[in-house]
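Below: my_file21.cif (mmCIF, C-alpha atoms)
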data_final
#
loop_
_atom_site.label_atom_id
_atom_site.label_comp_id
_atom_site.auth_asym_id
_atom_site.auth_seq_id
_atom_site.Cartn_x
_atom_site.Cartn_y
_atom_site.Cartn_z
CA GLN A 1 11.68 -44.60 7.28
CA LYS A 2 10.03 -47.98 7.77
CA GLU A 3 7.55 -49.29 5.22
CA VAL A 4 4.96 -49.84 7.94
CA GLU A 5 4.58 -47.56 10.95
CA GLN A 6 2.63 -48.52 14.05
CA ASP A 7 2.46 -46.75 17.39
CA PRO A 8 3.78 -49.24 19.97
CA GLY A 9 1.61 -47.81 22.74
CA PRO A 10 1.15 -49.19 25.30
CA LEU A 11 -2.61 -48.81 25.34
CA SER A 12 -4.63 -49.47 28.49
CA VAL A 13 -8.44 -49.47 28.43
CA PRO A 14 -11.21 -50.57 30.83
CA GLU A 15 -13.19 -53.69 30.06
CA GLY A 16 -16.00 -52.97 27.61
CA ALA A 17 -14.25 -50.05 25.93
CA ILE A 18 -13.54 -49.79 22.22
CA VAL A 19 -9.91 -50.35 21.30
CA SER A 20 -8.69 -48.44 18.27
CA LEU A 21 -5.45 -49.44 16.56
CA ASN A 22 -3.92 -48.12 13.38
CA CYS A 23 -0.98 -48.32 11.00
CA THR A 24 0.31 -46.22 8.17
CA TYR A 25 2.39 -47.44 5.26
CA SER A 26 4.41 -46.08 2.40
CA ASN A 27 4.42 -48.86 -0.22
CA SER A 28 1.50 -48.26 -2.57
CA ALA A 29 1.89 -51.80 -3.94
CA PHE A 30 0.51 -53.32 -0.75
CA GLN A 31 -2.82 -55.01 -1.44
CA TYR A 32 -3.30 -57.39 1.46
CA PHE A 33 -3.67 -55.96 4.94
CA MET A 34 -3.61 -58.21 7.98
CA TRP A 35 -3.95 -57.92 11.71
CA TYR A 36 -2.24 -60.42 13.96
CA ARG A 37 -2.57 -60.96 17.69
CA GLN A 38 0.49 -62.04 19.62
CA TYR A 39 0.40 -63.14 23.22
CA SER A 40 3.55 -62.90 25.28
CA ARG A 41 6.22 -65.36 24.16
CA LYS A 42 3.97 -66.83 21.47
CA GLY A 43 3.89 -66.62 17.70
CA PRO A 44 1.53 -64.25 15.87
CA GLU A 45 -1.92 -65.56 14.99
CA LEU A 46 -4.00 -64.10 12.19
CA LEU A 47 -7.05 -62.15 13.35
CA MET A 48 -8.31 -60.63 10.13
CA TYR A 49 -7.25 -59.79 6.62
CA THR A 50 -8.58 -57.34 4.07
CA TYR A 51 -7.89 -57.20 0.38
CA SER A 52 -7.54 -53.70 -1.06
CA SER A 53 -9.72 -50.96 0.42
CA GLY A 54 -12.86 -51.25 2.48
CA ASN A 55 -14.19 -52.54 5.76
CA LYS A 56 -14.46 -56.03 7.14
CA GLU A 57 -16.25 -57.13 10.28
CA ASP A 58 -15.82 -60.33 12.25
CA GLY A 59 -17.66 -60.47 15.54
CA ARG A 60 -16.26 -57.78 17.81
CA PHE A 61 -13.48 -56.93 15.36
CA THR A 62 -13.65 -54.45 12.47
CA ALA A 63 -10.80 -53.81 10.05
CA GLN A 64 -10.71 -50.76 7.81
CA VAL A 65 -8.38 -49.94 4.94
CA ASP A 66 -8.05 -46.53 3.32
CA LYS A 67 -5.57 -46.94 0.48
CA SER A 68 -5.86 -43.31 -0.57
CA SER A 69 -4.44 -42.30 2.81
CA LYS A 70 -2.27 -45.41 3.22
CA TYR A 71 -3.93 -45.95 6.60
CA ILE A 72 -5.43 -49.05 8.16
CA SER A 73 -7.34 -49.52 11.40
CA LEU A 74 -8.56 -52.25 13.69
CA PHE A 75 -11.38 -51.69 16.14
CA ILE A 76 -12.20 -54.05 18.99
CA ARG A 77 -15.65 -53.54 20.48
CA ASP A 78 -16.68 -54.60 23.98
CA SER A 79 -13.06 -55.34 24.85
CA GLN A 80 -12.33 -58.17 27.28
CA PRO A 81 -9.31 -58.86 29.49
CA SER A 82 -8.57 -61.81 27.20
CA ASP A 83 -7.97 -59.28 24.40
CA SER A 84 -4.85 -58.11 26.24
CA ALA A 85 -2.03 -58.82 23.78
CA THR A 86 0.22 -57.19 21.21
CA TYR A 87 -1.53 -56.42 17.94
CA LEU A 88 0.58 -56.39 14.80
CA CYS A 89 -0.44 -55.02 11.45
CA ALA A 90 1.13 -56.67 8.41
CA MET A 91 0.96 -56.08 4.69
CA SER A 92 1.94 -57.69 1.44
CA THR A 93 1.70 -57.09 -2.27
CA LEU A 94 -0.42 -59.05 -4.70
CA SER A 95 2.49 -60.57 -6.56
CA SER A 96 2.72 -64.34 -6.28
CA ASN A 97 6.48 -63.88 -6.14
CA ASP A 98 6.27 -61.54 -3.18
CA TYR A 99 5.33 -63.61 -0.18
CA LYS A 100 7.03 -61.54 2.46
CA LEU A 101 4.96 -59.98 5.17
CA SER A 102 5.94 -56.47 6.24
CA PHE A 103 4.99 -55.92 9.86
CA GLY A 104 4.46 -52.90 12.02
CA ALA A 105 6.15 -52.73 15.41
CA GLY A 106 3.02 -53.89 17.23
CA THR A 107 0.80 -52.13 19.78
CA THR A 108 0.59 -53.59 23.26
CA VAL A 109 -2.97 -53.50 24.60
CA THR A 110 -4.08 -54.11 28.17
CA VAL A 111 -7.78 -54.43 28.97
CA ARG A 112 -8.38 -53.80 32.66
CA ALA A 113 -11.09 -55.84 34.39
CA ASP Z 1 -1.04 -80.89 17.22
CA THR Z 2 -0.83 -80.17 13.50
CA GLY Z 3 0.53 -76.63 13.74
CA VAL Z 4 4.05 -75.34 13.10
CA SER Z 5 6.44 -76.49 15.79
CA GLN Z 6 9.80 -75.02 16.74
CA ASN Z 7 12.55 -76.32 18.96
CA PRO Z 8 14.00 -75.37 21.27
CA ARG Z 9 11.57 -72.80 22.62
CA HIS Z 10 14.29 -70.94 24.46
CA LYS Z 11 18.05 -71.00 24.00
CA ILE Z 12 20.61 -69.22 26.14
CA THR Z 13 24.13 -69.15 24.77
CA LYS Z 14 27.35 -67.30 25.30
CA ARG Z 15 28.68 -64.87 22.76
CA GLY Z 16 30.77 -66.63 20.14
CA GLN Z 17 28.97 -69.96 20.35
CA ASN Z 18 27.05 -71.55 17.48
CA VAL Z 19 23.34 -72.31 17.80
CA THR Z 20 20.89 -74.22 15.65
CA PHE Z 21 17.11 -74.01 15.66
CA ARG Z 22 14.63 -76.38 14.10
CA CYS Z 23 11.25 -75.75 12.50
CA ASP Z 24 8.73 -78.40 11.56
CA PRO Z 25 6.10 -76.91 9.23
CA ILE Z 26 2.52 -77.98 8.85
CA SER Z 27 2.42 -81.24 6.93
CA GLU Z 28 2.24 -80.75 3.14
CA HIS Z 29 3.14 -77.05 3.34
CA ASN Z 30 5.64 -76.40 0.56
CA ARG Z 31 6.66 -72.93 1.66
CA LEU Z 32 8.63 -72.19 4.79
CA TYR Z 33 9.69 -68.81 6.11
CA TRP Z 34 11.98 -67.56 8.83
CA TYR Z 35 11.43 -64.22 10.54
CA ARG Z 36 13.28 -62.48 13.35
CA GLN Z 37 11.51 -60.40 15.98
CA THR Z 38 13.49 -58.20 18.34
CA LEU Z 39 12.00 -56.75 21.52
CA GLY Z 40 9.39 -54.13 20.80
CA GLN Z 41 9.47 -54.70 17.05
CA GLY Z 42 7.44 -56.65 14.56
CA PRO Z 43 8.81 -59.73 12.80
CA GLU Z 44 11.27 -59.09 9.98
CA PHE Z 45 11.64 -61.45 7.05
CA LEU Z 46 14.88 -63.44 6.94
CA THR Z 47 14.56 -66.14 4.33
CA TYR Z 48 12.13 -68.30 2.38
CA PHE Z 49 12.09 -71.88 1.07
CA GLN Z 50 9.92 -73.44 -1.55
CA ASN Z 51 10.30 -77.14 -0.97
CA GLU Z 52 14.06 -77.61 -0.49
CA ALA Z 53 15.10 -74.56 -2.52
CA GLN Z 54 16.05 -71.39 -0.66
CA LEU Z 55 14.62 -68.74 -2.97
CA GLU Z 56 15.32 -65.53 -1.12
CA LYS Z 57 17.50 -64.24 1.68
CA SER Z 58 17.09 -60.87 3.33
CA ARG Z 59 20.09 -58.61 3.70
CA LEU Z 60 19.45 -59.07 7.44
CA LEU Z 61 20.82 -62.59 7.03
CA SER Z 62 24.53 -62.06 7.47
CA ASP Z 63 27.18 -64.60 6.52
CA ARG Z 64 26.99 -65.99 10.05
CA PHE Z 65 23.46 -67.21 9.38
CA SER Z 66 22.63 -70.27 7.33
CA ALA Z 67 19.34 -72.01 6.76
CA GLU Z 68 18.58 -75.35 5.22
CA ARG Z 69 15.53 -77.39 4.39
CA PRO Z 70 16.70 -80.84 3.38
CA LYS Z 71 14.15 -82.87 1.46
CA GLY Z 72 11.67 -80.04 1.73
CA SER Z 73 10.50 -81.06 5.18
CA PHE Z 74 11.82 -79.52 8.38
CA SER Z 75 14.18 -76.57 8.33
CA THR Z 76 17.14 -75.54 10.45
CA LEU Z 77 18.52 -72.08 11.07
CA GLU Z 78 22.11 -71.91 12.30
CA ILE Z 79 23.85 -68.88 13.69
CA GLN Z 80 27.61 -69.06 13.95
CA ARG Z 81 29.70 -66.98 16.34
CA THR Z 82 26.66 -65.49 18.02
CA GLU Z 83 26.66 -61.84 19.00
CA GLN Z 84 24.54 -60.06 21.59
CA GLY Z 85 22.67 -58.37 18.76
CA ASP Z 86 21.40 -61.78 17.67
CA SER Z 87 19.21 -61.96 20.77
CA ALA Z 88 15.67 -62.13 19.43
CA MET Z 89 12.69 -64.37 18.82
CA TYR Z 90 13.16 -66.46 15.69
CA LEU Z 91 9.83 -67.30 14.12
CA CYS Z 92 9.08 -69.91 11.52
CA ALA Z 93 5.98 -69.91 9.34
CA SER Z 94 4.68 -72.19 6.62
CA SER Z 95 2.11 -72.08 3.86
CA LEU Z 96 0.94 -73.96 0.81
CA LEU Z 97 2.30 -73.19 -2.64
CA GLY Z 98 -0.09 -70.81 -4.35
CA SER Z 99 -1.58 -69.49 -1.12
CA THR Z 100 -1.79 -65.80 -0.41
CA ALA Z 101 0.49 -64.01 2.01
CA TYR Z 102 -2.03 -64.00 4.84
CA GLU Z 103 -2.14 -67.78 4.79
CA GLN Z 104 1.21 -68.12 6.55
CA TYR Z 105 0.90 -69.97 9.83
CA PHE Z 106 3.41 -69.10 12.51
CA GLY Z 107 5.07 -71.32 15.04
CA PRO Z 108 5.59 -70.36 18.70
CA GLY Z 109 9.14 -69.15 18.02
CA THR Z 110 12.55 -69.83 19.52
CA ARG Z 111 13.74 -67.14 21.89
CA LEU Z 112 17.52 -66.69 21.72
CA THR Z 113 19.39 -64.95 24.49
CA VAL Z 114 23.08 -64.28 23.90
CA THR Z 115 25.00 -63.41 27.05
#

Starting from the file, give its structure as structure tokens.
Amino acid sequence: QKEVEQDPGPLSVPEGAIVSLNCTYSNSAFQYFMWYRQYSRKGPELLMYTYSSGNKEDGRFTAQVDKSSKYISLFIRDSQPSDSATYLCAMSTLSSNDYKLSFGAGTTVTVRA
Amino acid sequence: DTGVSQNPRHKITKRGQNVTFRCDPISEHNRLYWYRQTLGQGPEFLTYFQNEAQLEKSRLLSDRFSAERPKGSFSTLEIQRTEQGDSAMYLCASSLLGSTAYEQYFGPGTRLTVT
């Protein structure tokens, strides 16, 4: 079983819809929870990060972390065709000696105009 | 451009050949990471440098793989006797010493195709 599980999709939504993405994890030591966006043949770019549990909002993006359920979510409101990409969740522990990111498989999202 | 750069962007090689990739981190970033991403999967950690010291290697990094970071600047990743299973995107990331995990900045990757 992988440390981080993410449904690879693909997910196709009409423009303006809400996109809902999620990941589950098994390592209770994870404290940092990140969402990356990756366009085809490009490197991942950080969208948002959350420390421990709670919600975080940044424009059209909302990240939620529920540590009790080991479940994280990303919501994209008013989705645009430019949001079409692969979205990767990633996690890490708090230890300064543990710098590795553990990624999910990524969910491919297509927003139809 | 002051981001992480990787060269070449795409490499096609025949099985059994050796290949070498280069990563130039963001200036002044002490930490440098290599990840491998296969089709349909997320990146997987391979190895990590702090300045010129290689501090950790994943068990994914077989004996055919070697990475260096001379003088703590750019890094190279060499794969000897390539196999078809080595086909993947090889990503490099860098960060400052003392930064948190989310402060890793990724390069565009080198896509390796082994025929």

request  = Write down, as a ChimeraX atom specification, each residue of chain A that has any atom within 10 Å of an atom of chain Z, counting all atoms listed in the file.
outcome  = /A:4,6,8,32-36,38-39,41-46,48-50,86-108

Include C-alpha atoms and write out the residues we just selected as a PDB file, in the coordinates of the input.
ATOM      1  CA  VAL A   4       4.960 -49.840   7.940  1.00  0.00           C
ATOM      2  CA  GLN A   6       2.630 -48.520  14.050  1.00  0.00           C
ATOM      3  CA  PRO A   8       3.780 -49.240  19.970  1.00  0.00           C
ATOM      4  CA  TYR A  32      -3.300 -57.390   1.460  1.00  0.00           C
ATOM      5  CA  PHE A  33      -3.670 -55.960   4.940  1.00  0.00           C
ATOM      6  CA  MET A  34      -3.610 -58.210   7.980  1.00  0.00           C
ATOM      7  CA  TRP A  35      -3.950 -57.920  11.710  1.00  0.00           C
ATOM      8  CA  TYR A  36      -2.240 -60.420  13.960  1.00  0.00           C
ATOM      9  CA  GLN A  38       0.490 -62.040  19.620  1.00  0.00           C
ATOM     10  CA  TYR A  39       0.400 -63.140  23.220  1.00  0.00           C
ATOM     11  CA  ARG A  41       6.220 -65.360  24.160  1.00  0.00           C
ATOM     12  CA  LYS A  42       3.970 -66.830  21.470  1.00  0.00           C
ATOM     13  CA  GLY A  43       3.890 -66.620  17.700  1.00  0.00           C
ATOM     14  CA  PRO A  44       1.530 -64.250  15.870  1.00  0.00           C
ATOM     15  CA  GLU A  45      -1.920 -65.560  14.990  1.00  0.00           C
ATOM     16  CA  LEU A  46      -4.000 -64.100  12.190  1.00  0.00           C
ATOM     17  CA  MET A  48      -8.310 -60.630  10.130  1.00  0.00           C
ATOM     18  CA  TYR A  49      -7.250 -59.790   6.620  1.00  0.00           C
ATOM     19  CA  THR A  50      -8.580 -57.340   4.070  1.00  0.00           C
ATOM     20  CA  THR A  86       0.220 -57.190  21.210  1.00  0.00           C
ATOM     21  CA  TYR A  87      -1.530 -56.420  17.940  1.00  0.00           C
ATOM     22  CA  LEU A  88       0.580 -56.390  14.800  1.00  0.00           C
ATOM     23  CA  CYS A  89      -0.440 -55.020  11.450  1.00  0.00           C
ATOM     24  CA  ALA A  90       1.130 -56.670   8.410  1.00  0.00           C
ATOM     25  CA  MET A  91       0.960 -56.080   4.690  1.00  0.00           C
ATOM     26  CA  SER A  92       1.940 -57.690   1.440  1.00  0.00           C
ATOM     27  CA  THR A  93       1.700 -57.090  -2.270  1.00  0.00           C
ATOM     28  CA  LEU A  94      -0.420 -59.050  -4.700  1.00  0.00           C
ATOM     29  CA  SER A  95       2.490 -60.570  -6.560  1.00  0.00           C
ATOM     30  CA  SER A  96       2.720 -64.340  -6.280  1.00  0.00           C
ATOM     31  CA  ASN A  97       6.480 -63.880  -6.140  1.00  0.00           C
ATOM     32  CA  ASP A  98       6.270 -61.540  -3.180  1.00  0.00           C
ATOM     33  CA  TYR A  99       5.330 -63.610  -0.180  1.00  0.00           C
ATOM     34  CA  LYS A 100       7.030 -61.540   2.460  1.00  0.00           C
ATOM     35  CA  LEU A 101       4.960 -59.980   5.170  1.00  0.00           C
ATOM     36  CA  SER A 102       5.940 -56.470   6.240  1.00  0.00           C
ATOM     37  CA  PHE A 103       4.990 -55.920   9.860  1.00  0.00           C
ATOM     38  CA  GLY A 104       4.460 -52.900  12.020  1.00  0.00           C
ATOM     39  CA  ALA A 105       6.150 -52.730  15.410  1.00  0.00           C
ATOM     40  CA  GLY A 106       3.020 -53.890  17.230  1.00  0.00           C
ATOM     41  CA  THR A 107       0.800 -52.130  19.780  1.00  0.00           C
ATOM     42  CA  THR A 108       0.590 -53.590  23.260  1.00  0.00           C
TER      43      THR A 108
END

inquiry  = Which polymer residues, whether protein, DNA or RNA, lie within 7 Å of the coordinate (19.6, -69.1, 23.9) when you count all atoms listed in the file? List them as an MDAnalysis selection string, using the chain letters and numbers from the file.
reply    = chainID Z and resid 10:13 111:114

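One finds atom CA of Val19 of chain Z at 19.9 Å from atom CA of Arg59 of chain Z.
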
key: Hits of the PyMOL selection byres ((chain A and resi 11) around 8) in this structure, as a ChimeraX atom specification   = /A:9-10,12-13,107-110

Box time for segment 99-113 of chain Z: axis-aligned, enclosing all its listed atoms, 4 Å extra on each side; report centre and edge lengths in Å to one decimal, as lines of an AutoDock Vina configuration file.
center_x = 8.6
center_y = -67.7
center_z = 11.7
size_x = 29.5
size_y = 15.3
size_z = 33.6

Given the PyMOL selection byres ((chain Z and resi 71-83) around 6), the residues it picks as a PDB file with C-alpha atoms, keeping the file's coordinate frame:
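Saved file expr_35.pdb follows:
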ATOM      1  CA  ARG Z  15      28.680 -64.870  22.760  1.00  0.00           C
ATOM      2  CA  GLY Z  16      30.770 -66.630  20.140  1.00  0.00           C
ATOM      3  CA  GLN Z  17      28.970 -69.960  20.350  1.00  0.00           C
ATOM      4  CA  ASN Z  18      27.050 -71.550  17.480  1.00  0.00           C
ATOM      5  CA  VAL Z  19      23.340 -72.310  17.800  1.00  0.00           C
ATOM      6  CA  THR Z  20      20.890 -74.220  15.650  1.00  0.00           C
ATOM      7  CA  PHE Z  21      17.110 -74.010  15.660  1.00  0.00           C
ATOM      8  CA  ARG Z  22      14.630 -76.380  14.100  1.00  0.00           C
ATOM      9  CA  CYS Z  23      11.250 -75.750  12.500  1.00  0.00           C
ATOM     10  CA  ASP Z  24       8.730 -78.400  11.560  1.00  0.00           C
ATOM     11  CA  ASN Z  51      10.300 -77.140  -0.970  1.00  0.00           C
ATOM     12  CA  GLU Z  52      14.060 -77.610  -0.490  1.00  0.00           C
ATOM     13  CA  ARG Z  64      26.990 -65.990  10.050  1.00  0.00           C
ATOM     14  CA  PHE Z  65      23.460 -67.210   9.380  1.00  0.00           C
ATOM     15  CA  SER Z  66      22.630 -70.270   7.330  1.00  0.00           C
ATOM     16  CA  ALA Z  67      19.340 -72.010   6.760  1.00  0.00           C
ATOM     17  CA  GLU Z  68      18.580 -75.350   5.220  1.00  0.00           C
ATOM     18  CA  ARG Z  69      15.530 -77.390   4.390  1.00  0.00           C
ATOM     19  CA  PRO Z  70      16.700 -80.840   3.380  1.00  0.00           C
ATOM     20  CA  GLN Z  84      24.540 -60.060  21.590  1.00  0.00           C
ATOM     21  CA  GLY Z  85      22.670 -58.370  18.760  1.00  0.00           C
ATOM     22  CA  ASP Z  86      21.400 -61.780  17.670  1.00  0.00           C
TER      23      ASP Z  86
END

message = Please compute the atom CA of Gln6 of chain Z-atom CA of Thr115 of chain Z distance, one decimal, in Å.
response = 21.7 Å

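One distance worth recording is that between atom CA of Ala85 of chain A and atom CA of Ser68 of chain A, which is 29.1 Å.
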
query = Taking into account all atoms listed in the file, which residue in the set A:Ser79, A:Ser20, A:Gln1, A:Gln31 is nearest to Ala63 of chain A?
reply =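 Using all atoms listed in the file, Ala63 of chain A sits closest to A:Ser20.
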
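Between Thr24 of chain A and the residues A:Arg77, A:Lys56, A:Arg112, A:Lys2, the shortest atom-to-atom distance, using all atoms listed in the file, involves A:Lys2.
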
message = I'd like the contact shell of Glu57 of chain A - 12 Å cut-off, only C-alpha atoms, skipping same-chain residues fewer than 2 positions apart - returned as a list in words.
response =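 Those residues are Leu47, Met48, Tyr49, Thr50, Gly54, Asn55, Gly59, Arg60, Phe61, Thr62, Ala63, Gln64, Val65, Ser73, Leu74, Phe75, Ile76 and Arg77 of chain A.
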
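Each of Z:Gly3, Z:Leu96, Z:Trp34, Z:Ser87 was compared to Lys57 of chain Z using all atoms listed in the file, and Z:Trp34 turns out to be the nearest.
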
key: Exercise: Ser69 of chain A partners within 12 Å, only C-alpha atoms, chain neighbours under 5 positions left out, as a list in words   =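 With the cut-off at 12 Å, the set is Cys23, Thr24, Tyr25, Ser26, Asn27, Ser28, Ser53 and Gln64 of chain A.
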